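Source file: my_file.tsv. Holds: TSV, C-alpha atoms and all ligand atoms.
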chain	number	residue	atom	x	y	z
A	1	MET	CA	-10.07	11.15	25.52
A	2	GLU	CA	-8.63	12.56	22.28
A	3	THR	CA	-10.90	13.56	19.41
A	4	PRO	CA	-11.05	10.66	16.91
A	5	VAL	CA	-9.36	11.11	13.54
A	6	ARG	CA	-12.05	11.44	10.86
A	7	LEU	CA	-11.47	9.09	7.93
A	8	LEU	CA	-12.52	9.01	4.32
A	9	ILE	CA	-12.34	5.41	3.10
A	10	HIS	CA	-11.85	5.55	-0.68
A	11	GLY	CA	-12.69	2.22	-2.32
A	12	ALA	CA	-14.99	1.38	0.60
A	13	SER	CA	-16.89	-1.43	-1.13
A	14	GLY	CA	-13.74	-3.35	-2.14
A	15	ARG	CA	-11.96	-6.18	-0.34
A	16	MET	CA	-9.59	-3.82	1.50
A	17	GLY	CA	-12.25	-1.15	1.91
A	18	GLN	CA	-14.56	-3.59	3.71
A	19	ALA	CA	-11.77	-4.68	6.07
A	20	LEU	CA	-10.92	-1.01	6.79
A	21	MET	CA	-14.56	-0.14	7.49
A	22	ARG	CA	-14.99	-3.10	9.88
A	23	LEU	CA	-11.76	-2.49	11.81
A	24	ALA	CA	-12.12	1.31	11.96
A	25	GLN	CA	-15.60	0.96	13.47
A	26	ASN	CA	-14.08	-0.84	16.48
A	27	ASP	CA	-11.18	1.60	16.91
A	28	ALA	CA	-11.74	4.44	19.40
A	29	ARG	CA	-8.93	6.49	17.79
A	30	LEU	CA	-10.88	6.71	14.52
A	31	ARG	CA	-14.24	7.62	13.07
A	32	VAL	CA	-15.30	6.90	9.48
A	33	SER	CA	-16.89	10.18	8.44
A	34	ALA	CA	-17.00	9.58	4.68
A	35	GLN	CA	-16.73	6.74	2.18
A	36	SER	CA	-16.50	6.61	-1.58
A	37	GLY	CA	-16.30	4.13	-4.42
A	38	SER	CA	-16.00	4.19	-8.19
A	39	ARG	CA	-19.56	5.32	-8.87
A	40	GLU	CA	-19.19	8.30	-6.55
A	41	SER	CA	-15.73	9.35	-7.72
A	42	ASP	CA	-17.15	12.22	-9.78
A	43	ARG	CA	-19.05	13.42	-6.70
A	44	LEU	CA	-16.09	13.45	-4.30
A	45	ARG	CA	-16.46	17.19	-3.80
A	46	ASP	CA	-19.77	16.63	-1.98
A	47	LEU	CA	-18.30	14.32	0.67
A	48	PRO	CA	-18.44	15.34	4.35
A	49	GLU	CA	-15.35	16.62	6.19
A	50	PHE	CA	-12.50	14.24	6.99
A	51	ASP	CA	-8.94	14.51	8.33
A	52	VAL	CA	-7.21	11.65	6.53
A	53	ALA	CA	-8.22	9.79	3.35
A	54	ILE	CA	-7.30	6.10	3.12
A	55	ASP	CA	-7.20	4.95	-0.49
A	56	PHE	CA	-7.34	1.32	-1.61
A	57	SER	CA	-8.99	1.71	-5.00
A	58	SER	CA	-7.39	1.78	-8.46
A	59	PRO	CA	-4.91	4.05	-10.27
A	60	GLU	CA	-7.84	6.19	-11.53
A	61	GLY	CA	-9.30	6.32	-8.02
A	62	PHE	CA	-5.90	7.38	-6.67
A	63	ASP	CA	-5.81	10.43	-9.01
A	64	ALA	CA	-9.27	11.50	-7.87
A	65	VAL	CA	-8.59	11.17	-4.14
A	66	LEU	CA	-5.17	12.87	-4.37
A	67	ALA	CA	-6.81	15.85	-6.12
A	68	LEU	CA	-9.49	15.96	-3.40
A	69	CYS	CA	-6.92	15.88	-0.56
A	70	LEU	CA	-4.92	18.67	-2.21
A	71	GLU	CA	-8.06	20.75	-2.71
A	72	ARG	CA	-9.09	20.36	0.95
A	73	GLY	CA	-5.60	20.36	2.46
A	74	LYS	CA	-6.08	16.88	4.02
A	75	SER	CA	-3.72	13.94	4.55
A	76	LEU	CA	-3.59	10.91	2.28
A	77	VAL	CA	-2.63	7.30	3.05
A	78	SER	CA	-2.65	5.18	-0.11
A	79	GLY	CA	-2.04	1.48	-0.66
A	80	THR	CA	-3.26	1.40	-4.25
A	81	THR	CA	-0.83	-0.45	-6.52
A	82	GLY	CA	-0.20	-0.30	-10.26
A	83	LEU	CA	0.55	3.45	-10.12
A	84	SER	CA	2.60	5.01	-12.94
A	85	ALA	CA	5.88	6.92	-12.55
A	86	GLY	CA	3.90	10.12	-13.18
A	87	GLN	CA	1.51	9.28	-10.33
A	88	PHE	CA	4.42	8.66	-7.94
A	89	ALA	CA	5.90	12.00	-8.99
A	90	ALA	CA	2.55	13.72	-8.34
A	91	LEU	CA	2.40	12.10	-4.88
A	92	GLU	CA	5.90	13.26	-4.05
A	93	ALA	CA	5.09	16.81	-5.20
A	94	ALA	CA	1.90	16.76	-3.11
A	95	GLY	CA	4.09	16.21	-0.04
A	96	ALA	CA	5.04	19.89	-0.21
A	97	ARG	CA	1.40	20.82	0.45
A	98	ILE	CA	-0.11	17.97	2.53
A	99	PRO	CA	1.11	14.91	4.49
A	100	VAL	CA	1.14	11.89	2.13
A	101	LEU	CA	2.15	8.28	2.56
A	102	TRP	CA	2.06	5.45	0.00
A	103	ALA	CA	3.13	1.89	0.73
A	104	SER	CA	3.01	-1.17	-1.48
A	105	ASN	CA	2.42	-3.22	1.66
A	106	PHE	CA	1.18	-2.21	5.11
A	107	SER	CA	2.21	-5.34	7.02
A	108	LEU	CA	4.92	-5.24	9.68
A	109	GLY	CA	6.25	-8.57	8.37
A	110	VAL	CA	6.93	-7.19	4.90
A	111	ALA	CA	8.66	-4.12	6.37
A	112	VAL	CA	10.99	-6.51	8.21
A	113	LEU	CA	11.40	-8.71	5.11
A	114	ASP	CA	12.45	-5.63	3.13
A	115	ARG	CA	15.26	-4.93	5.61
A	116	LEU	CA	16.41	-8.57	5.59
A	117	VAL	CA	16.48	-8.53	1.79
A	118	GLY	CA	18.63	-5.39	1.83
A	119	GLN	CA	21.08	-7.05	4.20
A	120	ALA	CA	21.23	-10.33	2.27
A	121	GLY	CA	21.74	-8.50	-1.03
A	122	GLN	CA	24.88	-6.81	0.27
A	123	TRP	CA	26.50	-10.22	0.84
A	124	LEU	CA	25.22	-11.98	-2.29
A	125	LYS	CA	26.21	-9.70	-5.13
A	126	ASP	CA	27.00	-12.48	-7.64
A	127	TRP	CA	23.94	-14.60	-6.94
A	128	GLN	CA	20.94	-14.82	-9.21
A	129	LEU	CA	17.98	-12.82	-7.91
A	130	ASP	CA	14.35	-13.92	-8.39
A	131	ILE	CA	11.17	-12.52	-6.84
A	132	LEU	CA	8.19	-14.86	-6.73
A	133	GLU	CA	4.74	-13.57	-5.82
A	134	SER	CA	1.30	-15.23	-5.61
A	135	HIS	CA	-2.07	-13.50	-5.25
A	136	HIS	CA	-5.80	-14.16	-5.68
A	137	ILE	CA	-7.28	-14.30	-9.17
A	138	HIS	CA	-8.88	-10.83	-8.94
A	139	LYS	CA	-5.61	-8.95	-8.53
A	140	LYS	CA	-5.16	-6.67	-11.55
A	141	ASP	CA	-1.47	-5.66	-11.51
A	142	ALA	CA	1.52	-7.99	-11.94
A	143	PRO	CA	4.17	-8.07	-10.59
A	144	SER	CA	2.62	-6.89	-7.34
A	145	GLY	CA	3.61	-3.52	-5.88
A	146	THR	CA	5.27	-5.37	-3.00
A	147	ALA	CA	7.33	-7.51	-5.37
A	148	LEU	CA	8.53	-4.38	-7.18
A	149	SER	CA	9.43	-2.68	-3.87
A	150	LEU	CA	11.35	-5.75	-2.66
A	151	GLY	CA	13.04	-5.93	-6.06
A	152	ARG	CA	14.19	-2.30	-5.81
A	153	THR	CA	15.66	-2.96	-2.35
A	154	ALA	CA	17.41	-6.15	-3.46
A	155	GLU	CA	18.80	-4.53	-6.61
A	156	ALA	CA	20.08	-1.48	-4.74
A	157	ALA	CA	21.94	-3.80	-2.33
A	158	SER	CA	23.24	-6.46	-4.72
A	159	GLY	CA	23.49	-4.64	-8.04
A	160	LYS	CA	21.63	-7.55	-9.70
A	161	ALA	CA	18.44	-6.90	-11.66
A	162	PRO	CA	15.67	-9.17	-10.31
A	163	VAL	CA	13.56	-11.48	-12.44
A	164	TYR	CA	9.87	-11.45	-11.41
A	165	HIS	CA	7.53	-14.46	-11.39
A	166	SER	CA	3.80	-13.89	-10.78
A	167	LEU	CA	1.14	-16.50	-10.04
A	168	ARG	CA	-2.60	-15.80	-9.76
A	169	GLY	CA	-4.95	-18.33	-8.20
A	170	GLY	CA	-7.92	-18.85	-5.90
A	171	ASP	CA	-8.11	-16.64	-2.80
A	172	ILE	CA	-4.39	-16.29	-1.98
A	173	VAL	CA	-4.09	-13.08	0.10
A	174	GLY	CA	-0.43	-12.47	-0.79
A	175	GLU	CA	2.86	-14.39	-0.77
A	176	HIS	CA	6.32	-13.07	-1.63
A	177	THR	CA	9.63	-14.91	-1.84
A	178	VAL	CA	12.96	-13.25	-2.58
A	179	GLN	CA	15.28	-15.99	-3.78
A	180	PHE	CA	19.06	-15.63	-4.02
A	181	THR	CA	20.55	-18.54	-5.98
A	182	GLY	CA	24.26	-19.37	-5.94
A	183	MET	CA	26.19	-22.42	-7.16
A	184	GLY	CA	25.19	-25.35	-4.93
A	185	GLU	CA	23.12	-23.28	-2.50
A	186	ARG	CA	20.06	-21.04	-2.32
A	187	ILE	CA	18.46	-18.62	0.15
A	188	GLU	CA	14.70	-18.03	0.14
A	189	LEU	CA	13.18	-15.23	2.22
A	190	THR	CA	9.39	-15.61	2.33
A	191	HIS	CA	6.44	-13.68	3.71
A	192	ARG	CA	2.93	-15.15	3.63
A	193	ALA	CA	-0.12	-13.04	4.41
A	194	THR	CA	-3.10	-15.18	5.37
A	195	ASN	CA	-5.52	-12.39	6.28
A	196	ARG	CA	-5.86	-8.95	4.65
A	197	ASP	CA	-6.74	-7.44	8.05
A	198	ILE	CA	-2.98	-7.01	8.59
A	199	PHE	CA	-2.84	-4.51	5.70
A	200	ALA	CA	-5.94	-2.70	6.95
A	201	GLN	CA	-4.54	-2.49	10.52
A	202	GLY	CA	-1.28	-1.10	9.15
A	203	ALA	CA	-3.10	1.52	7.06
A	204	LEU	CA	-5.25	2.60	10.04
A	205	PHE	CA	-2.11	2.87	12.19
A	206	ALA	CA	-0.52	5.00	9.44
A	207	ALA	CA	-3.61	7.24	9.30
A	208	VAL	CA	-3.45	7.91	13.06
A	209	ARG	CA	0.26	8.71	12.89
A	210	LEU	CA	-0.02	10.80	9.70
A	211	SER	CA	-2.81	12.91	11.19
A	212	ALA	CA	-0.22	14.38	13.60
A	213	LYS	CA	2.46	15.01	10.97
A	214	MET	CA	3.55	18.13	9.10
A	215	ASN	CA	3.33	18.27	5.31
A	216	GLY	CA	5.71	15.79	3.74
A	217	HIS	CA	6.13	12.58	1.76
A	218	TYR	CA	6.40	9.75	4.29
A	219	ARG	CA	7.26	6.05	4.07
A	220	PHE	CA	5.52	3.39	6.19
A	221	ASP	CA	8.96	2.64	7.64
A	222	ASP	CA	9.23	6.23	8.93
A	223	LEU	CA	6.22	5.68	11.19
A	224	LEU	CA	7.15	2.29	12.69
B	301	LIG	P1	-11.11	-4.37	-4.97
B	301	LIG	O1	-11.24	-4.46	-6.46
B	301	LIG	O2	-11.76	-5.40	-4.12
B	301	LIG	O3	-11.64	-2.93	-4.48
B	301	LIG	C1	-11.35	-1.74	-5.15
B	301	LIG	C2	-12.38	-0.69	-4.73
B	301	LIG	O4	-12.02	0.56	-5.34
B	301	LIG	C3	-13.80	-0.99	-5.17
B	301	LIG	O5	-14.67	-0.57	-4.13
B	301	LIG	C4	-14.01	-0.09	-6.40
B	301	LIG	O6	-15.36	0.27	-6.56
B	301	LIG	C5	-13.16	1.11	-6.00
B	301	LIG	N1	-12.68	1.89	-7.15
B	301	LIG	C6	-12.14	1.44	-8.30
B	301	LIG	N2	-11.90	2.49	-9.13
B	301	LIG	C7	-12.27	3.61	-8.47
B	301	LIG	C8	-12.30	5.00	-8.79
B	301	LIG	N3	-11.88	5.44	-9.99
B	301	LIG	N4	-12.75	5.87	-7.87
B	301	LIG	C9	-13.19	5.44	-6.66
B	301	LIG	N5	-13.22	4.13	-6.31
B	301	LIG	C10	-12.76	3.23	-7.20
B	301	LIG	O7	-9.54	-4.31	-4.70
B	301	LIG	P2	-8.76	-4.58	-3.33
B	301	LIG	O8	-8.33	-6.01	-3.25
B	301	LIG	O9	-9.53	-3.98	-2.19
B	301	LIG	O10	-7.43	-3.72	-3.58
B	301	LIG	C11	-7.50	-2.34	-3.87
B	301	LIG	C12	-6.08	-1.83	-4.16
B	301	LIG	O11	-5.28	-1.99	-2.99
B	301	LIG	C13	-5.35	-2.59	-5.26
B	301	LIG	O12	-4.53	-1.67	-5.97
B	301	LIG	C14	-4.49	-3.59	-4.49
B	301	LIG	O13	-3.36	-4.03	-5.21
B	301	LIG	C15	-4.11	-2.74	-3.32
B	301	LIG	N6	-3.71	-3.47	-2.10
B	301	LIG	C16	-2.67	-2.93	-1.40
B	301	LIG	C17	-2.29	-3.49	-0.21
B	301	LIG	C18	-1.19	-2.82	0.59
B	301	LIG	O14	-0.86	-3.28	1.71
B	301	LIG	N7	-0.63	-1.73	0.08
B	301	LIG	C19	-2.93	-4.63	0.28
B	301	LIG	C20	-3.98	-5.17	-0.46
B	301	LIG	C21	-4.37	-4.56	-1.65
Would you encode the structure as structure tokens?
Ligand code: NAD
Amino acid sequence: METPVRLLIHGASGRMGQALMRLAQNDARLRVSAQSGSRESDRLRDLPEFDVAIDFSSPEGFDAVLALCLERGKSLVSGTTGLSAGQFAALEAAGARIPVLWASNFSLGVAVLDRLVGQAGQWLKDWQLDILESHHIHKKDAPSGTALSLGRTAEAASGKAPVYHSLRGGDIVGEHTVQFTGMGERIELTHRATNRDIFAQGALFAAVRLSAKMNGHYRFDDLL
């Protein structure tokens, strides 16, 4: 049997962190060797060895874990949203030194939705473009990272700038609709996540794949 990939779960006490911890513990390909949260972020240097860090924390947490991975020469999978343009640039630059992957959404369904949106946009250049997203009340950023990614794909294909609509309520895991509106007709492409385990499974899959990759800046799509 192959040696398990050693994981650092960054943001381990959060909603995603808890799902990652639970699923990784039952996955023979993986071993959680380190975990961290906001209170420990200034003590990251003391953490045990790991091969791949999985980050679902906050923009501040992302900076700290990226610096740690660069310092130790380890891979980083991040799903943290609300990152600035400067943080994306830092991630891209880090790809020259370590394997890195960031995705606004780690579900297979959203990866497929993104491709469908790109195709639809090519045919619907004059139609109005709206992106509707709903999430639980604790979500901090709006529009969601997934909505922005879908918007970029739709705009690149159709040339239309999207209008974003965000709703926060209850315990909604995540819903996204890309709506193309023409005169007398409308197309709605929707993805509904009902369980955040799908994101955690996708991130764990990405960690296994990334552990075997050369330095570089990867997309979730590249690994599917
Ligand atoms: P959460 O608030 O439940 O958990 C965040 C965790 O990060 C907590 O444990 C917190 O203590 C920790 N944290 C915050 N700041 C930190 C810091 N500076 N250093 C270290 N740890 C820090 O949030 P959540 O619902 O688990 O989501 C976390 C992030 O993941 C958000 O940005 C969210 O939008 C994103 N997310 C992405 C996907 C995806 O598929 N890409 C899916 C769900 C959530």
Neighbourhood of ligand LIG 301 (chain B) at 9 Å, counting all atoms listed in the file, reported as JSON, numbers by chain
{"A": [10, 11, 12, 13, 14, 15, 16, 17, 18, 19, 36, 37, 38, 39, 40, 41, 42, 44, 55, 56, 57, 58, 59, 60, 61, 62, 63, 64, 65, 78, 79, 80, 81, 82, 83, 102, 103, 104, 105, 106, 107, 136, 138, 139, 140, 141, 144, 145, 146, 173, 174, 196, 198, 199, 200, 202, 203]}
Go through A:Leu223, A:Ala147, A:Met214, A:Ala85 one by one, measure the shortest atom-to-atom distance of each to Gly73 in chain A using all atoms listed in the file, and give the residue with the smallest value.
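With all atoms listed in the file as the atom set, the closest residue is A:Met214.
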Please determine, counting only C-alpha atoms, which residue among A:Val52, A:Ala206, A:Leu8, A:Leu129 has the shortest atom-to-atom distance to Gly182 in chain A.
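Nearest to Gly182 in chain A: A:Leu129.
Coordinates place CA of Tyr164 in chain A at a distance of 4.9 Å from CA of Ile131 in chain A.
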Close residues, Ala94 in chain A itself excluded, 8 Å, only C-alpha atoms, min 4 positions apart in chain, as JSON, numbers by chain:
{"A": [70, 90, 98, 99, 100, 216, 217]}
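Minimum atom-to-atom distances from A:Gln128, A:Phe88, A:Arg72, A:Leu189 to Arg115 in chain A were compared using only C-alpha atoms, and the lowest value belongs to A:Leu189.
Pairwise distance (CA of Val112 in chain A, CA of Leu132 in chain A) equals 17.3 Å.
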For Gly109 in chain A, which residue among A:Thr3, A:Thr194, A:Gln35, A:Ser211 is the nearest when counting all atoms listed in the file?
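Among the listed residues, A:Thr194 lies closest to Gly109 in chain A.
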All file atoms of range 115-133 of chain A boxed axis-aligned, 6 Å per side, centre plus edges, as JSON:
{"center_x": 15.9, "center_y": -9.9, "center_z": -1.8, "size_x": 34.3, "size_y": 21.9, "size_z": 26.8}
Residue rebuild result range 114-131 of chain A, N, CA and C atoms as a PDB file, in the coordinates of the input:
ATOM      1  N   ASP A 114      11.742  -6.578   3.993  1.00  0.00           N
ATOM      2  CA  ASP A 114      12.450  -5.630   3.130  1.00  0.00           C
ATOM      3  C   ASP A 114      13.851  -5.342   3.693  1.00  0.00           C
ATOM      4  N   ARG A 115      13.934  -5.198   5.006  1.00  0.00           N
ATOM      5  CA  ARG A 115      15.260  -4.930   5.610  1.00  0.00           C
ATOM      6  C   ARG A 115      16.170  -6.146   5.498  1.00  0.00           C
ATOM      7  N   LEU A 116      15.594  -7.350   5.697  1.00  0.00           N
ATOM      8  CA  LEU A 116      16.410  -8.570   5.590  1.00  0.00           C
ATOM      9  C   LEU A 116      16.936  -8.741   4.174  1.00  0.00           C
ATOM     10  N   VAL A 117      16.077  -8.413   3.197  1.00  0.00           N
ATOM     11  CA  VAL A 117      16.480  -8.530   1.790  1.00  0.00           C
ATOM     12  C   VAL A 117      17.633  -7.576   1.486  1.00  0.00           C
ATOM     13  N   GLY A 118      17.551  -6.367   2.034  1.00  0.00           N
ATOM     14  CA  GLY A 118      18.630  -5.390   1.830  1.00  0.00           C
ATOM     15  C   GLY A 118      19.946  -5.891   2.392  1.00  0.00           C
ATOM     16  N   GLN A 119      19.862  -6.527   3.580  1.00  0.00           N
ATOM     17  CA  GLN A 119      21.080  -7.050   4.200  1.00  0.00           C
ATOM     18  C   GLN A 119      21.652  -8.210   3.392  1.00  0.00           C
ATOM     19  N   ALA A 120      20.771  -9.149   3.008  1.00  0.00           N
ATOM     20  CA  ALA A 120      21.230 -10.330   2.270  1.00  0.00           C
ATOM     21  C   ALA A 120      21.863  -9.913   0.940  1.00  0.00           C
ATOM     22  N   GLY A 121      21.243  -8.941   0.272  1.00  0.00           N
ATOM     23  CA  GLY A 121      21.740  -8.500  -1.030  1.00  0.00           C
ATOM     24  C   GLY A 121      23.163  -7.974  -0.969  1.00  0.00           C
ATOM     25  N   GLN A 122      23.520  -7.352   0.151  1.00  0.00           N
ATOM     26  CA  GLN A 122      24.880  -6.810   0.270  1.00  0.00           C
ATOM     27  C   GLN A 122      25.940  -7.908   0.279  1.00  0.00           C
ATOM     28  N   TRP A 123      25.542  -9.119   0.737  1.00  0.00           N
ATOM     29  CA  TRP A 123      26.500 -10.220   0.840  1.00  0.00           C
ATOM     30  C   TRP A 123      26.484 -11.125  -0.393  1.00  0.00           C
ATOM     31  N   LEU A 124      25.458 -10.985  -1.229  1.00  0.00           N
ATOM     32  CA  LEU A 124      25.220 -11.980  -2.290  1.00  0.00           C
ATOM     33  C   LEU A 124      25.214 -11.322  -3.662  1.00  0.00           C
ATOM     34  N   LYS A 125      26.226 -10.524  -3.922  1.00  0.00           N
ATOM     35  CA  LYS A 125      26.210  -9.700  -5.130  1.00  0.00           C
ATOM     36  C   LYS A 125      26.268 -10.502  -6.432  1.00  0.00           C
ATOM     37  N   ASP A 126      26.879 -11.710  -6.398  1.00  0.00           N
ATOM     38  CA  ASP A 126      27.000 -12.480  -7.640  1.00  0.00           C
ATOM     39  C   ASP A 126      25.868 -13.485  -7.827  1.00  0.00           C
ATOM     40  N   TRP A 127      24.977 -13.571  -6.865  1.00  0.00           N
ATOM     41  CA  TRP A 127      23.940 -14.600  -6.940  1.00  0.00           C
ATOM     42  C   TRP A 127      22.768 -14.137  -7.808  1.00  0.00           C
ATOM     43  N   GLN A 128      22.135 -15.117  -8.402  1.00  0.00           N
ATOM     44  CA  GLN A 128      20.940 -14.820  -9.210  1.00  0.00           C
ATOM     45  C   GLN A 128      19.820 -14.361  -8.285  1.00  0.00           C
ATOM     46  N   LEU A 129      19.025 -13.408  -8.768  1.00  0.00           N
ATOM     47  CA  LEU A 129      17.980 -12.820  -7.910  1.00  0.00           C
ATOM     48  C   LEU A 129      16.607 -13.001  -8.567  1.00  0.00           C
ATOM     49  N   ASP A 130      15.723 -13.719  -7.881  1.00  0.00           N
ATOM     50  CA  ASP A 130      14.350 -13.920  -8.390  1.00  0.00           C
ATOM     51  C   ASP A 130      13.349 -13.496  -7.326  1.00  0.00           C
ATOM     52  N   ILE A 131      12.248 -12.893  -7.774  1.00  0.00           N
ATOM     53  CA  ILE A 131      11.170 -12.520  -6.840  1.00  0.00           C
ATOM     54  C   ILE A 131       9.913 -13.247  -7.297  1.00  0.00           C
TER      55      ILE A 131
END
